[in-house]
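So this block is model35.pdb, PDB, C-alpha atoms:
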ATOM      1  CA  MET A 161       0.000   0.000   0.000
ATOM      2  CA  SER A 162       1.198   3.528  -0.687
ATOM      3  CA  ASN A 163       2.795   5.814   1.869
ATOM      4  CA  PRO A 164       3.467   3.527   4.784
ATOM      5  CA  LEU A 165       3.556   5.564   7.949
ATOM      6  CA  LYS A 166       6.519   5.716  10.218
ATOM      7  CA  LEU A 167       5.992   4.488  13.731
ATOM      8  CA  ASP A 168       8.150   5.629  16.583
ATOM      9  CA  ASP A 169       9.458   3.237  19.204
ATOM     10  CA  ILE A 170       6.580   3.972  21.553
ATOM     11  CA  ASP A 171       3.922   3.266  18.901
ATOM     12  CA  ARG A 172       5.689   0.038  18.107
ATOM     13  CA  ALA A 173       5.854  -0.906  21.791
ATOM     14  CA  LEU A 174       2.124  -0.162  22.064
ATOM     15  CA  ILE A 175       1.328  -2.491  19.183
ATOM     16  CA  VAL A 176       3.486  -5.212  20.693
ATOM     17  CA  ALA A 177       1.848  -4.709  24.107
ATOM     18  CA  THR A 178      -1.691  -4.974  22.699
ATOM     19  CA  GLN A 179      -1.390  -7.479  19.861
ATOM     20  CA  GLY A 180      -2.295 -10.353  22.166
ATOM     21  CA  GLY A 181      -5.343  -8.370  23.314
ATOM     22  CA  LEU A 182      -6.347  -5.660  25.778
ATOM     23  CA  PRO A 183      -6.311  -6.644  29.462
ATOM     24  CA  PHE A 184      -9.728  -7.230  30.994
ATOM     25  CA  VAL A 185      -9.411  -4.680  33.779
ATOM     26  CA  ALA A 186     -11.357  -1.488  34.441
ATOM     27  CA  ARG A 187      -8.551   0.798  33.163
ATOM     28  CA  PRO A 188      -6.827  -1.171  30.393
ATOM     29  CA  TYR A 189      -5.063   1.803  28.790
ATOM     30  CA  GLN A 190      -3.481   2.731  32.074
ATOM     31  CA  VAL A 191      -2.190  -0.826  32.517
ATOM     32  CA  ILE A 192      -0.729  -0.805  29.012
ATOM     33  CA  GLY A 193       0.810   2.601  29.681
ATOM     34  CA  GLU A 194       2.550   1.200  32.738
ATOM     35  CA  GLN A 195       4.033  -1.607  30.615
ATOM     36  CA  VAL A 196       5.208   0.766  27.910
ATOM     37  CA  GLY A 197       6.280   3.584  30.227
ATOM     38  CA  ILE A 198       3.758   6.274  29.287
ATOM     39  CA  ALA A 199       0.566   7.651  30.833
ATOM     40  CA  GLY A 200      -2.846   6.147  30.103
ATOM     41  CA  ASP A 201      -3.896   9.385  28.391
ATOM     42  CA  GLU A 202      -0.998   9.133  25.994
ATOM     43  CA  VAL A 203      -1.896   5.506  25.216
ATOM     44  CA  MET A 204      -5.377   6.678  24.217
ATOM     45  CA  ARG A 205      -4.035   9.590  22.188
ATOM     46  CA  ARG A 206      -1.618   7.352  20.295
ATOM     47  CA  LEU A 207      -4.197   4.620  19.669
ATOM     48  CA  GLN A 208      -6.536   7.298  18.293
ATOM     49  CA  ALA A 209      -3.798   8.517  15.933
ATOM     50  CA  LEU A 210      -3.052   4.930  14.835
ATOM     51  CA  LEU A 211      -6.764   4.418  14.101
ATOM     52  CA  GLU A 212      -6.942   7.635  12.097
ATOM     53  CA  SER A 213      -3.891   6.696  10.057
ATOM     54  CA  GLY A 214      -5.311   3.251   9.313
ATOM     55  CA  ILE A 215      -2.479   1.349  11.012
ATOM     56  CA  ILE A 216      -5.121   0.050  13.397
ATOM     57  CA  ARG A 217      -8.216  -0.991  11.456
ATOM     58  CA  ARG A 218     -10.414  -1.178  14.512
ATOM     59  CA  ILE A 219     -10.387  -2.026  18.205
ATOM     60  CA  GLY A 220     -12.756  -4.671  19.494
ATOM     61  CA  ALA A 221     -13.781  -8.295  19.510
ATOM     62  CA  VAL A 222     -12.391 -10.744  16.970
ATOM     63  CA  PRO A 223     -14.797 -13.672  16.865
ATOM     64  CA  ASN A 224     -14.048 -17.219  15.878
ATOM     65  CA  HIS A 225     -16.503 -17.482  13.002
ATOM     66  CA  TYR A 226     -17.112 -21.172  13.491
ATOM     67  CA  ALA A 227     -18.099 -20.632  17.122
ATOM     68  CA  ILE A 228     -20.657 -17.947  16.281
ATOM     69  CA  GLY A 229     -22.476 -20.066  13.728
ATOM     70  CA  TRP A 230     -20.657 -19.309  10.494
ATOM     71  CA  THR A 231     -19.547 -22.899  10.150
ATOM     72  CA  ALA A 232     -19.153 -22.942   6.380
ATOM     73  CA  ASN A 233     -16.560 -20.826   4.699
ATOM     74  CA  GLY A 234     -15.794 -20.943   1.027
ATOM     75  CA  MET A 235     -13.040 -19.142  -0.777
ATOM     76  CA  THR A 236     -14.585 -18.652  -4.202
ATOM     77  CA  VAL A 237     -12.068 -18.128  -7.001
ATOM     78  CA  TRP A 238     -12.730 -16.981 -10.550
ATOM     79  CA  ASP A 239     -10.841 -16.611 -13.798
ATOM     80  CA  VAL A 240     -11.931 -13.228 -15.108
ATOM     81  CA  ALA A 241     -10.532 -11.347 -18.102
ATOM     82  CA  ASP A 242      -7.920  -8.838 -16.940
ATOM     83  CA  GLU A 243      -9.625  -5.997 -18.866
ATOM     84  CA  ARG A 244     -12.866  -6.413 -16.920
ATOM     85  CA  ILE A 245     -11.664  -7.529 -13.510
ATOM     86  CA  ASP A 246     -11.644  -4.150 -11.766
ATOM     87  CA  GLU A 247     -15.204  -3.372 -12.726
ATOM     88  CA  LEU A 248     -16.429  -6.885 -11.879
ATOM     89  CA  GLY A 249     -14.350  -7.189  -8.706
ATOM     90  CA  ALA A 250     -15.932  -4.018  -7.359
ATOM     91  CA  ARG A 251     -19.399  -5.438  -8.048
ATOM     92  CA  VAL A 252     -18.617  -8.800  -6.442
ATOM     93  CA  GLY A 253     -17.077  -7.009  -3.447
ATOM     94  CA  ALA A 254     -20.273  -4.999  -3.038
ATOM     95  CA  LEU A 255     -22.410  -8.141  -2.515
ATOM     96  CA  GLU A 256     -23.510  -8.141   1.122
ATOM     97  CA  PHE A 257     -22.327 -11.686   1.821
ATOM     98  CA  VAL A 258     -18.760 -11.208   0.516
ATOM     99  CA  THR A 259     -16.373 -10.402   3.379
ATOM    100  CA  HIS A 260     -13.141 -10.041   1.389
ATOM    101  CA  CYS A 261     -12.632  -9.563  -2.318
ATOM    102  CA  TYR A 262      -9.260  -9.237  -4.017
ATOM    103  CA  ARG A 263      -7.502  -9.427  -7.336
ATOM    104  CA  ARG A 264      -4.502 -11.763  -7.059
ATOM    105  CA  PRO A 265      -2.002 -13.137  -9.580
ATOM    106  CA  ARG A 266      -2.676 -16.396 -11.394
ATOM    107  CA  ALA A 267      -0.159 -19.233 -10.996
ATOM    108  CA  LEU A 268      -0.382 -20.898 -14.376
ATOM    109  CA  PRO A 269      -0.801 -23.665 -15.283
ATOM    110  CA  ASP A 270      -1.912 -24.876 -11.831
ATOM    111  CA  TRP A 271      -3.987 -21.900 -10.843
ATOM    112  CA  PRO A 272      -5.917 -19.883 -13.458
ATOM    113  CA  TYR A 273      -7.919 -17.749 -10.992
ATOM    114  CA  ASN A 274      -7.373 -14.037 -10.443
ATOM    115  CA  LEU A 275     -10.481 -12.971  -8.496
ATOM    116  CA  PHE A 276     -10.900 -14.173  -4.908
ATOM    117  CA  ALA A 277     -14.131 -13.606  -2.945
ATOM    118  CA  MET A 278     -14.603 -15.021   0.552
ATOM    119  CA  VAL A 279     -18.093 -16.195   1.416
ATOM    120  CA  HIS A 280     -19.332 -17.261   4.857
ATOM    121  CA  GLY A 281     -22.495 -19.180   5.665
ATOM    122  CA  ALA A 282     -24.168 -21.439   8.195
ATOM    123  CA  SER A 283     -23.986 -24.384   5.821
ATOM    124  CA  ARG A 284     -22.234 -25.503   2.682
ATOM    125  CA  MET A 285     -25.496 -25.201   0.844
ATOM    126  CA  GLU A 286     -25.768 -21.545   1.810
ATOM    127  CA  VAL A 287     -22.208 -20.886   0.610
ATOM    128  CA  THR A 288     -22.902 -22.784  -2.614
ATOM    129  CA  GLU A 289     -26.024 -20.680  -3.201
ATOM    130  CA  LYS A 290     -24.070 -17.487  -2.639
ATOM    131  CA  ALA A 291     -21.335 -18.681  -5.003
ATOM    132  CA  ALA A 292     -24.087 -19.236  -7.592
ATOM    133  CA  GLU A 293     -25.127 -15.596  -7.170
ATOM    134  CA  ILE A 294     -21.565 -14.506  -7.883
ATOM    135  CA  ALA A 295     -21.509 -16.815 -10.912
ATOM    136  CA  ALA A 296     -24.739 -15.215 -12.152
ATOM    137  CA  LEU A 297     -23.287 -11.747 -11.705
ATOM    138  CA  LEU A 298     -20.108 -12.647 -13.593
ATOM    139  CA  GLY A 299     -21.899 -14.612 -16.293
ATOM    140  CA  SER A 300     -19.694 -15.416 -19.274
ATOM    141  CA  ASN A 301     -16.983 -13.122 -17.873
ATOM    142  CA  SER A 302     -15.986 -16.016 -15.628
ATOM    143  CA  ARG A 303     -14.121 -18.612 -17.652
ATOM    144  CA  ALA A 304     -13.582 -21.020 -14.750
ATOM    145  CA  SER A 305     -14.257 -21.083 -11.027
ATOM    146  CA  GLU A 306     -14.001 -23.176  -7.880
ATOM    147  CA  VAL A 307     -15.166 -22.992  -4.279
ATOM    148  CA  LEU A 308     -12.538 -24.035  -1.744
ATOM    149  CA  PHE A 309     -14.331 -24.936   1.473
ATOM    150  CA  SER A 310     -12.335 -24.673   4.648
ATOM    151  CA  THR A 311     -12.545 -27.753   6.816
ATOM    152  CA  ARG A 312     -10.345 -26.743   9.741
ATOM    153  CA  ILE A 313      -8.689 -23.706  11.301
ATOM    154  CA  LEU A 314      -5.068 -24.764  11.667
ATOM    155  CA  LYS A 315      -3.942 -21.472  13.237
ATOM    156  CA  LYS A 316      -5.525 -18.147  14.027
ATOM    157  CA  THR A 317      -3.355 -15.945  16.176
ATOM    158  CA  GLY A 318      -3.462 -12.813  14.070
ATOM    159  CA  LEU A 319      -0.267 -11.053  13.261
ATOM    160  CA  ARG A 320       2.647 -10.766  15.638
ATOM    161  CA  ILE A 321       5.436  -8.258  15.191
TER
ATOM    162  CA  MET B 104     -20.481 -25.196  19.852
ATOM    163  CA  PRO B 105     -20.650 -23.079  23.017
ATOM    164  CA  GLU B 106     -24.026 -21.766  24.154
ATOM    165  CA  LEU B 107     -24.507 -18.046  23.668
ATOM    166  CA  ASP B 108     -27.264 -16.004  25.250
ATOM    167  CA  ALA B 109     -28.734 -12.737  23.968
ATOM    168  CA  VAL B 110     -26.189 -10.611  25.856
ATOM    169  CA  ASP B 111     -23.267 -12.622  24.452
ATOM    170  CA  ARG B 112     -24.620 -12.085  20.960
ATOM    171  CA  GLN B 113     -24.946  -8.359  21.601
ATOM    172  CA  ILE B 114     -21.341  -8.245  22.778
ATOM    173  CA  ILE B 115     -20.144 -10.075  19.666
ATOM    174  CA  ASP B 116     -22.254  -7.980  17.304
ATOM    175  CA  LYS B 117     -21.731  -4.549  18.840
ATOM    176  CA  LEU B 118     -18.132  -4.732  20.002
ATOM    177  CA  GLN B 119     -16.293  -5.682  16.804
ATOM    178  CA  GLY B 120     -15.207  -2.074  16.458
ATOM    179  CA  ASP B 121     -15.512   1.358  18.037
ATOM    180  CA  PHE B 122     -14.276   0.201  21.411
ATOM    181  CA  PRO B 123     -14.073   3.466  23.381
ATOM    182  CA  LEU B 124     -10.808   5.260  24.008
ATOM    183  CA  CYS B 125     -11.490   6.625  27.469
ATOM    184  CA  GLU B 126     -10.356   5.922  30.992
ATOM    185  CA  ARG B 127     -12.912   3.192  31.642
ATOM    186  CA  PRO B 128     -13.790   1.861  28.194
ATOM    187  CA  TYR B 129     -15.417  -1.353  29.429
ATOM    188  CA  ALA B 130     -17.767   0.688  31.637
ATOM    189  CA  GLU B 131     -18.751   2.848  28.687
ATOM    190  CA  ALA B 132     -19.185  -0.143  26.346
ATOM    191  CA  ALA B 133     -21.178  -1.974  29.024
ATOM    192  CA  GLU B 134     -23.504   0.990  29.400
ATOM    193  CA  ARG B 135     -24.227   0.929  25.661
ATOM    194  CA  LEU B 136     -25.131  -2.745  26.053
ATOM    195  CA  GLY B 137     -27.225  -2.144  29.140
ATOM    196  CA  ILE B 138     -25.087  -4.251  31.468
ATOM    197  CA  GLY B 139     -22.529  -3.502  34.177
ATOM    198  CA  GLU B 140     -18.785  -3.156  33.707
ATOM    199  CA  ASP B 141     -18.028  -6.249  35.820
ATOM    200  CA  GLU B 142     -20.492  -8.314  33.866
ATOM    201  CA  LEU B 143     -18.955  -7.263  30.546
ATOM    202  CA  LEU B 144     -15.450  -8.080  31.786
ATOM    203  CA  ALA B 145     -16.571 -11.489  33.053
ATOM    204  CA  ARG B 146     -18.400 -12.290  29.836
ATOM    205  CA  LEU B 147     -15.475 -11.247  27.630
ATOM    206  CA  GLN B 148     -13.172 -13.500  29.628
ATOM    207  CA  ARG B 149     -15.624 -16.365  29.307
ATOM    208  CA  LEU B 150     -16.065 -15.843  25.553
ATOM    209  CA  LEU B 151     -12.304 -15.798  25.135
ATOM    210  CA  ASP B 152     -11.817 -18.925  27.290
ATOM    211  CA  ALA B 153     -14.533 -20.720  25.289
ATOM    212  CA  ARG B 154     -12.729 -19.617  22.100
ATOM    213  CA  VAL B 155     -15.824 -17.811  20.840
ATOM    214  CA  LEU B 156     -13.498 -14.834  20.554
ATOM    215  CA  THR B 157      -9.976 -15.334  19.288
ATOM    216  CA  ARG B 158      -8.880 -12.011  20.764
ATOM    217  CA  PHE B 159     -10.093  -8.647  21.989
ATOM    218  CA  GLY B 160      -8.077  -5.590  21.061
ATOM    219  CA  PRO B 161      -6.634  -3.583  18.185
ATOM    220  CA  MET B 162      -6.478  -5.126  14.717
ATOM    221  CA  VAL B 163      -3.353  -3.904  12.991
ATOM    222  CA  GLN B 164      -3.143  -3.328   9.246
ATOM    223  CA  ILE B 165       0.539  -4.173   8.840
ATOM    224  CA  GLU B 166       0.798  -2.776   5.303
ATOM    225  CA  ARG B 167       0.102   0.708   6.625
ATOM    226  CA  MET B 168       3.268   0.420   8.687
ATOM    227  CA  GLY B 169       5.417  -0.692   5.788
ATOM    228  CA  GLY B 170       4.931  -4.417   6.255
ATOM    229  CA  ALA B 171       3.359  -7.022   4.025
ATOM    230  CA  PHE B 172       0.432  -9.402   4.261
ATOM    231  CA  VAL B 173       0.350 -12.220   1.708
ATOM    232  CA  LEU B 174      -1.926 -15.197   1.115
ATOM    233  CA  ALA B 175      -0.003 -18.356   0.263
ATOM    234  CA  ALA B 176      -0.826 -21.997  -0.309
ATOM    235  CA  LEU B 177       0.781 -25.378  -0.635
ATOM    236  CA  ALA B 178      -0.212 -28.934  -1.459
ATOM    237  CA  ALA B 179       0.603 -31.118   1.543
ATOM    238  CA  PRO B 180       0.514 -34.867   0.992
ATOM    239  CA  GLU B 181      -2.232 -36.383   3.200
ATOM    240  CA  ALA B 182       0.222 -38.649   5.010
ATOM    241  CA  ARG B 183       2.339 -35.627   5.982
ATOM    242  CA  TYR B 184      -0.478 -33.186   6.656
ATOM    243  CA  ASP B 185      -0.010 -32.852  10.433
ATOM    244  CA  GLU B 186       3.752 -32.623  10.167
ATOM    245  CA  VAL B 187       3.551 -29.932   7.477
ATOM    246  CA  THR B 188       0.957 -28.044   9.546
ATOM    247  CA  ALA B 189       3.309 -27.996  12.519
ATOM    248  CA  LEU B 190       6.213 -26.763  10.379
ATOM    249  CA  VAL B 191       4.154 -23.978   8.812
ATOM    250  CA  ASN B 192       2.488 -22.907  12.064
ATOM    251  CA  ALA B 193       5.847 -22.766  13.829
ATOM    252  CA  LEU B 194       6.660 -19.547  11.991
ATOM    253  CA  PRO B 195       5.441 -16.477  13.893
ATOM    254  CA  GLN B 196       4.943 -14.818  10.503
ATOM    255  CA  VAL B 197       2.019 -17.196   9.862
ATOM    256  CA  ALA B 198      -0.971 -15.190  11.167
ATOM    257  CA  HIS B 199      -3.576 -17.766  10.246
ATOM    258  CA  ASN B 200      -3.792 -21.033   8.422
ATOM    259  CA  TYR B 201      -6.774 -22.958   7.062
ATOM    260  CA  ARG B 202      -7.221 -26.426   5.688
ATOM    261  CA  ARG B 203      -9.187 -26.299   2.440
ATOM    262  CA  GLU B 204     -10.566 -28.926   0.109
ATOM    263  CA  HIS B 205      -8.419 -28.659  -2.978
ATOM    264  CA  ALA B 206      -5.152 -30.029  -4.344
ATOM    265  CA  LEU B 207      -3.737 -26.884  -2.706
ATOM    266  CA  ASN B 208      -4.996 -27.977   0.684
ATOM    267  CA  MET B 209      -3.254 -25.563   3.061
ATOM    268  CA  TRP B 210      -3.873 -21.813   2.824
ATOM    269  CA  PHE B 211      -2.112 -19.426   5.155
ATOM    270  CA  VAL B 212      -1.499 -15.723   5.546
ATOM    271  CA  LEU B 213       2.011 -14.402   6.093
ATOM    272  CA  ALA B 214       2.338 -11.061   7.870
ATOM    273  CA  THR B 215       5.793  -9.517   8.082
ATOM    274  CA  GLU B 216       7.150  -6.155   9.104
ATOM    275  CA  THR B 217       9.055  -5.719   5.851
ATOM    276  CA  PRO B 218       8.188  -6.794   2.285
ATOM    277  CA  GLN B 219      11.348  -8.902   2.091
ATOM    278  CA  GLY B 220      10.198 -10.800   5.171
ATOM    279  CA  ILE B 221       7.600 -12.532   2.975
ATOM    280  CA  ALA B 222      10.200 -14.027   0.647
ATOM    281  CA  GLU B 223      12.259 -15.143   3.640
ATOM    282  CA  ALA B 224       9.264 -16.839   5.254
ATOM    283  CA  ILE B 225       8.356 -18.572   1.999
ATOM    284  CA  SER B 226      11.868 -19.925   1.459
ATOM    285  CA  ARG B 227      11.965 -21.081   5.051
ATOM    286  CA  ILE B 228       8.679 -22.998   4.613
ATOM    287  CA  GLU B 229       9.850 -24.485   1.320
ATOM    288  CA  ARG B 230      13.113 -25.575   2.923
ATOM    289  CA  ASP B 231      11.478 -27.000   6.064
ATOM    290  CA  THR B 232       8.694 -28.856   4.250
ATOM    291  CA  GLY B 233      10.342 -29.616   0.912
ATOM    292  CA  LEU B 234       7.138 -28.421  -0.773
ATOM    293  CA  PRO B 235       6.665 -25.534  -3.203
ATOM    294  CA  VAL B 236       4.743 -22.557  -1.850
ATOM    295  CA  PHE B 237       2.422 -20.566  -4.107
ATOM    296  CA  ALA B 238       2.170 -16.888  -3.148
ATOM    297  CA  PHE B 239      -0.924 -14.876  -3.996
ATOM    298  CA  PRO B 240      -0.154 -11.292  -3.011
ATOM    299  CA  LYS B 241      -3.122  -9.022  -3.419
ATOM    300  CA  GLU B 242      -2.942  -6.826  -6.495
ATOM    301  CA  LYS B 243      -6.085  -4.934  -5.671
ATOM    302  CA  GLU B 244      -8.468  -4.856  -2.750
ATOM    303  CA  TYR B 245     -12.112  -4.496  -3.795
ATOM    304  CA  PHE B 246     -13.678  -4.999  -0.403
ATOM    305  CA  VAL B 247     -12.748  -6.026   3.149
ATOM    306  CA  GLU B 248     -15.182  -5.928   6.026
ATOM    307  CA  MET B 249     -14.883  -8.887   8.295
ATOM    308  CA  LYS B 250     -17.666  -8.216  10.766
ATOM    309  CA  LEU B 251     -20.054 -11.125  11.043
ATOM    310  CA  ALA B 252     -22.959 -11.155  13.473
ATOM    311  CA  ALA B 253     -23.510 -14.153  15.748
ATOM    312  CA  ARG B 254     -26.136 -16.419  14.257
ATOM    313  CA  ILE B 255     -26.515 -19.039  16.957
TER
END
Please go through the file and, once you have read it, give me the structure as structure tokens.
Amino acid sequence: MSNPLKLDDIDRALIVATQGGLPFVARPYQVIGEQVGIAGDEVMRRLQALLESGIIRRIGAVPNHYAIGWTANGMTVWDVADERIDELGARVGALEFVTHCYRRPRALPDWPYNLFAMVHGASRMEVTEKAAEIAALLGSNSRASEVLFSTRILKKTGLRI
Amino acid sequence: MPELDAVDRQIIDKLQGDFPLCERPYAEAAERLGIGEDELLARLQRLLDARVLTRFGPMVQIERMGGAFVLAALAAPEARYDEVTALVNALPQVAHNYRREHALNMWFVLATETPQGIAEAISRIERDTGLPVFAFPKEKEYFVEMKLAARI
């Protein structure tokens, strides 16, 4: 992404101190401040700045999707003509059930797909139905496609710096 | 699957973002939910212990700090699947990893503080497992909004 922002040592220490999660105590920012060596107010000010700059996407709960009922998850992948992919990718990404949508490189000959759209559902059938909606939207612009169902979370720690 | 009551579902649905930045953020968030601070803290701990939540805190977008985030996959032979999983998961750069039904049956995300860290992690995995790794860096992001409501 363009213009990565420079973090100072304290910002970095804050990210390291919170990447495992916020402590469940009444004044979590104060506790983090004590670990990092700054006041609770400064922790809040810096987290606000990191949110505004987009380095922190959001602060809150990260659910395990399986445990909250989204037990089927399909990575749908499509081979779409390069000339049309930006227009079509934007439309697929706008579907309410698509949680991530990206253009990625093909790995020919094994992997002809360049459009990836993640679909979550309570059952495989629901995911399959949603994939059919994407197929209908793409029509003949999709030359080939697959749905890769996930069958197990092997790791989900989030990033660690 | 763990049992969730209406308050748990509210917590999961309402607290995926906008956690307050104030002296007592849990008290403020609890008030929005109509419960007490202690109850929210106890429920969050329980949801985390039951693995309904994987974490509670800031979600960092590593690319905005000059790092890289890349989806990658490999084809692990069935007989070696657990061994390959352990080798891949051993790298701290692997943020998450999913088994998927495909010839490419292991899909993981590498997050590194520098772009060159990705190539290093990939060569390390290829060396450790003896398997080729396919990297699928994103060329364009059309949409990302990973906030799903509880539906149980």
### Message
Using only C-alpha atoms and a distance of at most 7 Å, pull out the residues of chain B that contact chain A, as number ranges by chain.
### Response
B: 104-105, 115, 118-122, 124-127, 129, 144, 154-169, 192, 195-196, 198-205, 214, 216, 239-249, 253-255
### Task
May I ask for the distance between CA of Met285 (chain A) and CA of Ala232 (chain A), given in Å to one decimal place?
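CA of Ala232 (chain A) lies 8.7 Å from CA of Met285 (chain A).
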### Message
For this structure, which residues satisfy the selection - the PyMOL selection byres ((chain B and resi 175-177) around 10) - when it is evaluated on the file as given? I want them as a PyMOL selection string.
### Response
chain B and resi 172-174+178-180+187+197+200-203+206-213+221+225+228-229+232+234-240
Please put the answer as AutoDock Vina command-line options: centre and edge lengths, in Å with one decimal, of a box along x, y and z that encloses all listed atoms of region 199-218 of chain B plus 3 Å on each side.
--center_x -0.8 --center_y -17.9 --center_z 3.0 --size_x 25.6 --size_y 30.3 --size_z 20.6
### Query
In Å to one decimal, how far is CA of Glu106 (chain B) from CA of Arg149 (chain B)?
11.2 Å
### Query
Rounded to one decimal in Å, what is the spacing between CA of Asp116 (chain B) and CA of Glu140 (chain B)?
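Answer for the CA of Asp116 (chain B) to CA of Glu140 (chain B) separation: 17.4 Å.
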